[in-house]
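J.: Dropping in query-v4.cif, with mmCIF, C-alpha atoms.
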data_start
#
loop_
_atom_site.label_atom_id
_atom_site.label_comp_id
_atom_site.auth_asym_id
_atom_site.auth_seq_id
_atom_site.Cartn_x
_atom_site.Cartn_y
_atom_site.Cartn_z
CA MET A 1 119.64 101.34 125.39
CA GLY A 2 118.04 100.65 128.75
CA GLU A 3 115.14 98.84 130.34
CA PRO A 4 111.48 99.55 129.64
CA VAL A 5 109.53 101.68 132.07
CA ARG A 6 108.17 98.31 133.17
CA PRO A 7 111.33 96.20 133.88
CA LEU A 8 112.19 94.12 130.84
CA CYS A 9 113.56 91.13 132.73
CA GLU A 10 111.15 91.11 135.64
CA GLY A 11 110.56 87.54 136.76
CA VAL A 12 113.01 86.13 134.20
CA LEU A 13 115.93 84.01 135.37
CA MET A 14 119.07 85.16 133.56
CA SER A 15 121.19 82.24 132.31
CA PHE A 16 124.07 84.24 130.84
CA ASP A 17 127.18 86.02 132.06
CA PRO A 18 126.22 89.73 132.09
CA THR A 19 129.88 90.80 132.07
CA ALA A 20 130.49 88.90 128.82
CA VAL A 21 127.77 90.65 126.82
CA PRO A 22 129.41 92.84 124.12
CA ILE A 23 128.34 96.46 123.74
CA ARG A 24 127.56 97.15 120.09
CA PRO A 25 127.26 100.64 118.52
CA ALA A 26 123.78 101.49 117.25
CA VAL A 27 121.81 104.46 115.98
CA SER A 28 118.24 105.62 116.56
CA VAL A 29 116.58 108.44 114.61
CA ILE A 30 113.86 110.63 116.11
CA MET A 31 111.86 112.00 113.19
CA VAL A 32 109.65 114.88 114.29
CA ARG A 33 107.03 117.15 112.75
CA ASP A 34 104.51 119.73 113.93
CA GLY A 35 100.99 118.31 114.02
CA ASP A 36 97.52 119.57 114.86
CA SER A 37 97.94 118.28 118.43
CA GLY A 38 101.49 119.52 118.90
CA LEU A 39 104.87 117.95 118.23
CA GLU A 40 104.69 114.47 116.69
CA ALA A 41 107.26 111.67 116.42
CA PHE A 42 107.41 108.71 114.05
CA VAL A 43 107.50 105.52 116.10
CA GLN A 44 107.42 101.77 115.62
CA HIS A 45 105.52 99.20 117.70
CA ARG A 46 107.92 96.25 117.92
CA VAL A 47 106.59 92.72 117.61
CA THR A 48 106.47 90.66 120.79
CA THR A 49 108.67 87.89 119.36
CA MET A 50 111.84 90.02 119.30
CA ASP A 51 114.68 88.86 121.58
CA PHE A 52 115.39 92.46 122.62
CA ALA A 53 112.90 95.23 123.40
CA ALA A 54 109.97 92.98 122.50
CA GLY A 55 106.62 94.76 122.32
CA VAL A 56 107.94 98.22 123.07
CA VAL A 57 107.55 101.47 121.14
CA VAL A 58 110.81 102.71 119.62
CA PHE A 59 112.26 105.11 117.07
CA PRO A 60 113.60 103.72 113.77
CA GLY A 61 117.19 102.55 113.89
CA GLY A 62 119.55 99.65 114.41
CA ARG A 63 123.09 98.60 115.01
CA VAL A 64 126.10 99.71 112.99
CA ASP A 65 126.93 97.20 110.22
CA PRO A 66 130.20 96.78 108.27
CA VAL A 67 128.52 98.29 105.19
CA ASP A 68 128.13 101.56 107.10
CA ARG A 69 131.89 101.97 107.32
CA GLN A 70 131.97 101.93 103.53
CA GLY A 71 128.98 104.26 103.30
CA ALA A 72 130.70 106.71 105.64
CA GLU A 73 133.11 107.66 102.86
CA SER A 74 130.35 109.49 101.00
CA ILE A 75 128.92 111.34 104.03
CA GLU A 76 129.28 115.11 103.75
CA VAL A 77 127.91 117.75 106.15
CA ASP A 78 128.29 121.51 106.38
CA ASP A 79 129.68 121.48 109.93
CA PRO A 80 131.70 118.38 110.88
CA ASP A 81 132.67 120.06 114.17
CA LEU A 82 129.03 119.90 115.27
CA HIS A 83 129.26 116.11 115.25
CA LEU A 84 132.81 115.89 116.58
CA GLU A 85 131.92 118.05 119.56
CA ALA A 86 128.58 116.36 120.20
CA TRP A 87 130.16 112.91 120.50
CA SER A 88 133.45 114.02 122.07
CA ASP A 89 132.71 112.15 125.32
CA SER A 90 131.29 109.12 123.54
CA THR A 91 133.04 105.88 122.63
CA ILE A 92 132.62 106.60 118.92
CA ALA A 93 135.06 109.51 119.28
CA GLU A 94 137.85 106.94 119.52
CA ALA A 95 137.20 105.77 115.94
CA ALA A 96 138.49 107.66 112.94
CA ASP A 97 135.50 109.26 111.19
CA GLY A 98 133.25 107.45 113.66
CA TRP A 99 130.65 110.19 113.39
CA ARG A 100 130.41 109.62 109.64
CA VAL A 101 129.78 105.91 110.29
CA LEU A 102 126.92 106.83 112.62
CA LEU A 103 125.34 109.09 110.00
CA ALA A 104 125.68 106.37 107.35
CA THR A 105 123.95 103.94 109.73
CA ALA A 106 121.16 106.41 110.42
CA VAL A 107 120.47 107.02 106.73
CA ARG A 108 120.58 103.30 105.88
CA GLU A 109 118.38 102.15 108.77
CA VAL A 110 115.70 104.78 108.18
CA ALA A 111 115.61 103.98 104.46
CA GLU A 112 115.31 100.24 105.14
CA GLU A 113 112.67 100.57 107.85
CA THR A 114 110.57 103.46 106.55
CA GLY A 115 111.50 104.16 102.93
CA ALA A 116 112.39 107.75 103.83
CA VAL A 117 115.67 109.05 102.41
CA LEU A 118 117.26 111.44 104.88
CA ASP A 119 119.84 114.10 104.16
CA PRO A 120 122.66 113.37 106.65
CA ALA A 121 123.41 117.08 106.83
CA LEU A 122 120.03 117.62 108.54
CA LEU A 123 120.56 115.00 111.27
CA ARG A 124 121.36 116.62 114.62
CA PRO A 125 123.08 114.70 117.45
CA TRP A 126 120.67 114.39 120.36
CA ALA A 127 121.66 111.79 122.97
CA ASN A 128 123.89 108.80 123.75
CA TRP A 129 122.67 105.96 125.98
CA VAL A 130 124.46 102.72 126.85
CA THR A 131 122.42 99.65 127.81
CA PRO A 132 123.03 98.84 131.48
CA LEU A 133 124.83 95.75 132.69
CA GLY A 134 122.45 92.84 133.17
CA GLN A 135 120.62 92.89 129.83
CA PRO A 136 121.08 89.98 127.36
CA LYS A 137 121.98 92.47 124.62
CA ARG A 138 123.79 95.76 125.12
CA PHE A 139 124.07 98.74 122.79
CA ASP A 140 125.93 102.03 122.73
CA THR A 141 123.09 103.93 121.07
CA TYR A 142 123.45 107.32 119.40
CA PHE A 143 120.23 109.27 118.94
CA TYR A 144 119.67 111.85 116.22
CA VAL A 145 116.75 114.18 115.70
CA VAL A 146 115.54 115.40 112.32
CA SER A 147 112.61 117.34 110.94
CA ALA A 148 111.10 114.80 108.59
CA ASP A 149 110.40 116.33 105.19
CA ALA A 150 110.21 112.86 103.64
CA ALA A 151 107.14 110.67 104.23
CA PRO A 152 108.14 107.59 106.27
CA ARG A 153 106.13 104.39 105.92
CA HIS A 154 105.86 101.07 107.74
CA LEU A 155 108.35 98.68 106.11
CA THR A 156 110.21 96.86 108.88
CA THR A 157 109.29 93.31 109.91
CA GLU A 158 110.60 94.03 113.41
CA ALA A 159 107.44 96.05 114.13
CA HIS A 160 103.77 95.33 113.54
CA ARG A 161 102.93 99.03 113.06
CA SER A 162 104.71 102.32 112.40
CA GLU A 163 102.99 105.68 112.70
CA TRP A 164 103.14 109.36 113.54
CA LEU A 165 101.86 110.04 117.05
CA PRO A 166 101.72 113.19 119.17
CA VAL A 167 104.58 113.09 121.67
CA ALA A 168 102.23 114.02 124.51
CA ALA A 169 99.87 111.16 123.57
CA ILE A 170 102.71 108.60 123.58
CA LEU A 171 103.74 109.68 127.06
CA ALA A 172 100.16 109.63 128.32
CA SER A 173 99.61 106.13 126.92
CA ALA A 174 102.84 104.92 128.55
CA GLU A 175 101.82 106.37 131.91
CA ALA A 176 98.44 104.64 131.58
CA GLY A 177 100.11 101.31 130.82
CA GLU A 178 98.75 101.19 127.27
CA LEU A 179 102.17 101.45 125.62
CA GLU A 180 105.56 100.28 126.79
CA LEU A 181 108.64 102.48 126.40
CA MET A 182 112.27 101.82 127.11
CA ARG A 183 113.81 104.27 129.55
CA PRO A 184 115.77 106.29 126.93
CA THR A 185 112.68 106.61 124.75
CA PHE A 186 110.61 107.82 127.69
CA VAL A 187 113.20 110.38 128.79
CA LEU A 188 113.81 111.72 125.27
CA LEU A 189 110.10 112.00 124.50
CA ARG A 190 109.64 113.93 127.73
CA GLU A 191 112.35 116.35 126.64
CA LEU A 192 110.73 116.77 123.24
CA ALA A 193 107.36 117.41 124.87
CA GLN A 194 108.88 120.20 126.92
CA LEU A 195 110.33 121.81 123.78
CA GLY A 196 107.00 121.49 122.00
CA SER A 197 107.85 122.28 118.37
CA VAL A 198 110.21 121.38 115.55
CA GLU A 199 111.63 124.90 115.63
CA ALA A 200 112.53 124.59 119.32
CA VAL A 201 113.97 121.09 118.86
CA THR A 202 116.25 122.13 116.01
CA ALA A 203 117.11 125.58 117.35
CA GLY A 204 120.78 125.06 118.08
CA PRO A 205 123.64 122.74 119.11
CA ARG A 206 122.91 120.38 121.98
CA SER A 207 125.30 119.48 124.78
CA ILE A 208 125.29 115.70 125.14
CA GLU A 209 126.06 113.89 128.38
CA VAL A 210 126.56 110.18 127.82
CA VAL A 211 124.23 108.06 129.97
CA ARG A 212 126.10 104.99 131.18
CA PRO A 213 123.92 103.41 133.90
CA GLU A 214 125.76 100.91 136.05
CA HIS A 215 122.81 98.63 136.79
CA PRO A 216 119.41 97.75 135.27
CA GLY A 217 117.48 99.69 137.91
CA HIS A 218 118.94 103.04 136.90
CA SER A 219 116.54 105.71 135.72
CA ASP A 220 117.23 109.17 134.42
CA ASP A 221 114.62 111.46 135.93
#
Translate this file's structure into structure tokens.
T.:
Amino acid sequence: MGEPVRPLCEGVLMSFDPTAVPIRPAVSVIMVRDGDSGLEAFVQHRVTTMDFAAGVVVFPGGRVDPVDRQGAESIEVDDPDLHLEAWSDSTIAEAADGWRVLLATAVREVAEETGAVLDPALLRPWANWVTPLGQPKRFDTYFYVVSADAAPRHLTTEAHRSEWLPVAAILASAEAGELELMRPTFVLLRELAQLGSVEAVTAGPRSIEVVRPEHPGHSDD
């Protein structure tokens, strides 16, 4: 997905062949709601023992598993073209019903990690980021946004805490060095902060430009 705002591998000697690291498809779901202090997002604080994105703040999600290809058969939405067009420049467009697999992954991961059961028809494609060359794990990550009617909880063992936080507060804490964000998370939260409300976030189709940074130092400003 990208490096943290503070470089993930700073001072670490890489002992692997960066060109041999496979790029795996993954999904991340940005659950949003309107709060007393503005737009809020549900985030997870990952444990520091993880071998990827240790200690950073992320959205719920995970990689595509074989079971999601089976689950894709039951995915129904009102407007399939919305998803086909959103991911038309993405790698997943090369797979038959690839967009259904992504939705199945999103629903499964959120249920496993938060207990919330999402309606796939309400998930809106939001962004596509590919982890840059040089990281020990690489993902082709598809982000969705959804207005969370269900009540998510902290269930995942990959994080020590999950919670609703104002988007502006997350960004302020990251700038102050109190929280660590990966580059995609930082950029997407900044976009959400500019929109400011669930209504603005879900107002209409979104044009998605795939972010494929060529080196770990890339940043999308």
J.: In terms of the shortest atom-to-atom distance over all atoms listed in the file, which of A:His160, A:Arg124, A:His83, A:Lys137 is closest to Val57 of chain A?
T.: A:His160
J.: Report the distance between atom CA of Trp129 of chain A and atom CA of Val58 of chain A in Å, rounded to one decimal place.
T.: 13.8 Å
J.: In Å, rounded to a single decimal, give me how far atom CA of Pro25 of chain A is from atom CA of Thr156 of chain A.
T.: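 Answer for the atom CA of Thr156 of chain A to atom CA of Pro25 of chain A separation: 19.9 Å.
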J.: From the list A:Val56, A:Leu39, A:Val198, A:Leu189, which residue is nearest Ser147 of chain A when using all atoms listed in the file?
T.: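 Distance minimum relative to Ser147 of chain A lands on A:Val198.
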J.: Residues near Leu82 of chain A, anyone? I mean within 9 Å using all atoms listed in the file, not counting same-chain ones fewer than 5 positions away, as a list in words.
T.: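 These residues fall inside the cut-off: Trp87, Arg124, Pro125 and Pro205 of chain A.
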J.: Can you pull out the residues contacting Pro18 of chain A? Cut-off 8 Å, using all atoms listed in the file, and skip same-chain residues under 2 positions away; I want them as a VMD selection string.
T.: chain A and resid 16 20 to 21 133 to 136
J.: Measuring between all atoms listed in the file, which one of A:Ala159, A:Pro120, A:Pro184, A:Asp81 shows the shortest distance to Pro213 of chain A?
T.: A:Pro184
J.: Just so the selection is clear, what residues does the PyMOL selection byres ((chain A and resi 146) around 9) cover here, as a list in words?
T.: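 Expected selection for the PyMOL selection byres ((chain A and resi 146) around 9) here is Val29, Ile30, Met31, Val32, Arg33, Leu118, Leu122, Leu123, Arg124, Tyr144, Val145, Ser147, Ala148, Asp149, Val198, Val201 and Thr202 of chain A.
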J.: Please produce an output containing C-alpha atoms for each residue in the selection, written as a PDB file, in the frame of the given file.
T.:
ATOM      1  CA  VAL A  29     116.580 108.440 114.610  1.00  0.00           C
ATOM      2  CA  ILE A  30     113.860 110.630 116.110  1.00  0.00           C
ATOM      3  CA  MET A  31     111.860 112.000 113.190  1.00  0.00           C
ATOM      4  CA  VAL A  32     109.650 114.880 114.290  1.00  0.00           C
ATOM      5  CA  ARG A  33     107.030 117.150 112.750  1.00  0.00           C
ATOM      6  CA  LEU A 118     117.260 111.440 104.880  1.00  0.00           C
ATOM      7  CA  LEU A 122     120.030 117.620 108.540  1.00  0.00           C
ATOM      8  CA  LEU A 123     120.560 115.000 111.270  1.00  0.00           C
ATOM      9  CA  ARG A 124     121.360 116.620 114.620  1.00  0.00           C
ATOM     10  CA  TYR A 144     119.670 111.850 116.220  1.00  0.00           C
ATOM     11  CA  VAL A 145     116.750 114.180 115.700  1.00  0.00           C
ATOM     12  CA  SER A 147     112.610 117.340 110.940  1.00  0.00           C
ATOM     13  CA  ALA A 148     111.100 114.800 108.590  1.00  0.00           C
ATOM     14  CA  ASP A 149     110.400 116.330 105.190  1.00  0.00           C
ATOM     15  CA  VAL A 198     110.210 121.380 115.550  1.00  0.00           C
ATOM     16  CA  VAL A 201     113.970 121.090 118.860  1.00  0.00           C
ATOM     17  CA  THR A 202     116.250 122.130 116.010  1.00  0.00           C
TER      18      THR A 202
END
J.: Could you jot down the atom CA of Leu188 of chain A to atom CA of Leu102 of chain A separation for me, Å, one decimal place?
T.: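 Calculated distance between atom CA of Leu188 of chain A and atom CA of Leu102 of chain A is 18.9 Å.
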J.: Report as a ChimeraX atom specification the residues that result from applying the PyMOL selection byres ((chain A and resi 130) around 9) to the structure here.
T.: /A:1-2,23,128-129,131-132,138-142,210-213
J.: When you count only C-alpha atoms, which of these residues is closest to Leu179 of chain A: A:Gln44, A:Asp17, A:Leu155, A:Ser37?
T.: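 Of A:Gln44, A:Asp17, A:Leu155, A:Ser37, the one nearest Leu179 of chain A, counting only C-alpha atoms, is A:Gln44.
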J.: Quick one: residues within 6 Å of segment 61-69 of chain A, all atoms listed in the file counted, chain neighbours fewer than 4 positions away excluded, as a list in words?
T.: Pro25, Ala26, Val27, Ser28, Val29, Val101, Ala104, Thr105 and Glu109 of chain A
J.: Taking (139.2, 112.3, 113.6) in the file's coordinates, which residues come within 12 Å, counting all atoms listed in the file, written as a count of residues only?
T.: 17
J.: With all atoms listed in the file as the basis for distance, which of A:Glu112, A:Asp78, A:Glu163, A:Glu73 is at the shortest distance from Arg46 of chain A?
T.: A:Glu163
J.: At a cut-off of 9 Å from (105.4, 104.7, 127.8) in the coordinates of the file, what residues are picked up using all atoms listed in the file, written as a list in words?
T.: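 The distance filter leaves exactly Pro4, Val5, Arg6, Val56, Val57, Ile170, Leu171, Ala172, Ser173, Ala174, Glu175, Ala176, Gly177, Glu178, Leu179, Glu180, Leu181, Met182, Arg183, Thr185 and Phe186 of chain A.
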J.: With C-alpha atoms kept, could you save the residues just selected as a short mmCIF file (atom, residue, chain, number, x, y, z; two decimals), in the coordinates of the input?
T.:
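What ended up in selection_28.cif:
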data_model
loop_
_atom_site.label_atom_id
_atom_site.label_comp_id
_atom_site.auth_asym_id
_atom_site.auth_seq_id
_atom_site.Cartn_x
_atom_site.Cartn_y
_atom_site.Cartn_z
CA PRO A 4 111.48 99.55 129.64
CA VAL A 5 109.53 101.68 132.07
CA ARG A 6 108.17 98.31 133.17
CA VAL A 56 107.94 98.22 123.07
CA VAL A 57 107.55 101.47 121.14
CA ILE A 170 102.71 108.60 123.58
CA LEU A 171 103.74 109.68 127.06
CA ALA A 172 100.16 109.63 128.32
CA SER A 173 99.61 106.13 126.92
CA ALA A 174 102.84 104.92 128.55
CA GLU A 175 101.82 106.37 131.91
CA ALA A 176 98.44 104.64 131.58
CA GLY A 177 100.11 101.31 130.82
CA GLU A 178 98.75 101.19 127.27
CA LEU A 179 102.17 101.45 125.62
CA GLU A 180 105.56 100.28 126.79
CA LEU A 181 108.64 102.48 126.40
CA MET A 182 112.27 101.82 127.11
CA ARG A 183 113.81 104.27 129.55
CA THR A 185 112.68 106.61 124.75
CA PHE A 186 110.61 107.82 127.69
#
J.: Nearest residue to Leu195 of chain A out of A:Glu209, A:Ser162, A:Gly38, A:Pro60, using only C-alpha atoms?
T.: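 Ranking A:Glu209, A:Ser162, A:Gly38, A:Pro60 by distance to Leu195 of chain A, first place goes to A:Gly38.
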J.: So for segment 92-96 of chain A, what box centre and size do we get, axis-aligned, 4 Å extra on each of the six sides, every listed atom, Å to one decimal, as JSON?
T.:
{"center_x": 135.6, "center_y": 107.6, "center_z": 116.2, "size_x": 13.9, "size_y": 11.7, "size_z": 14.6}
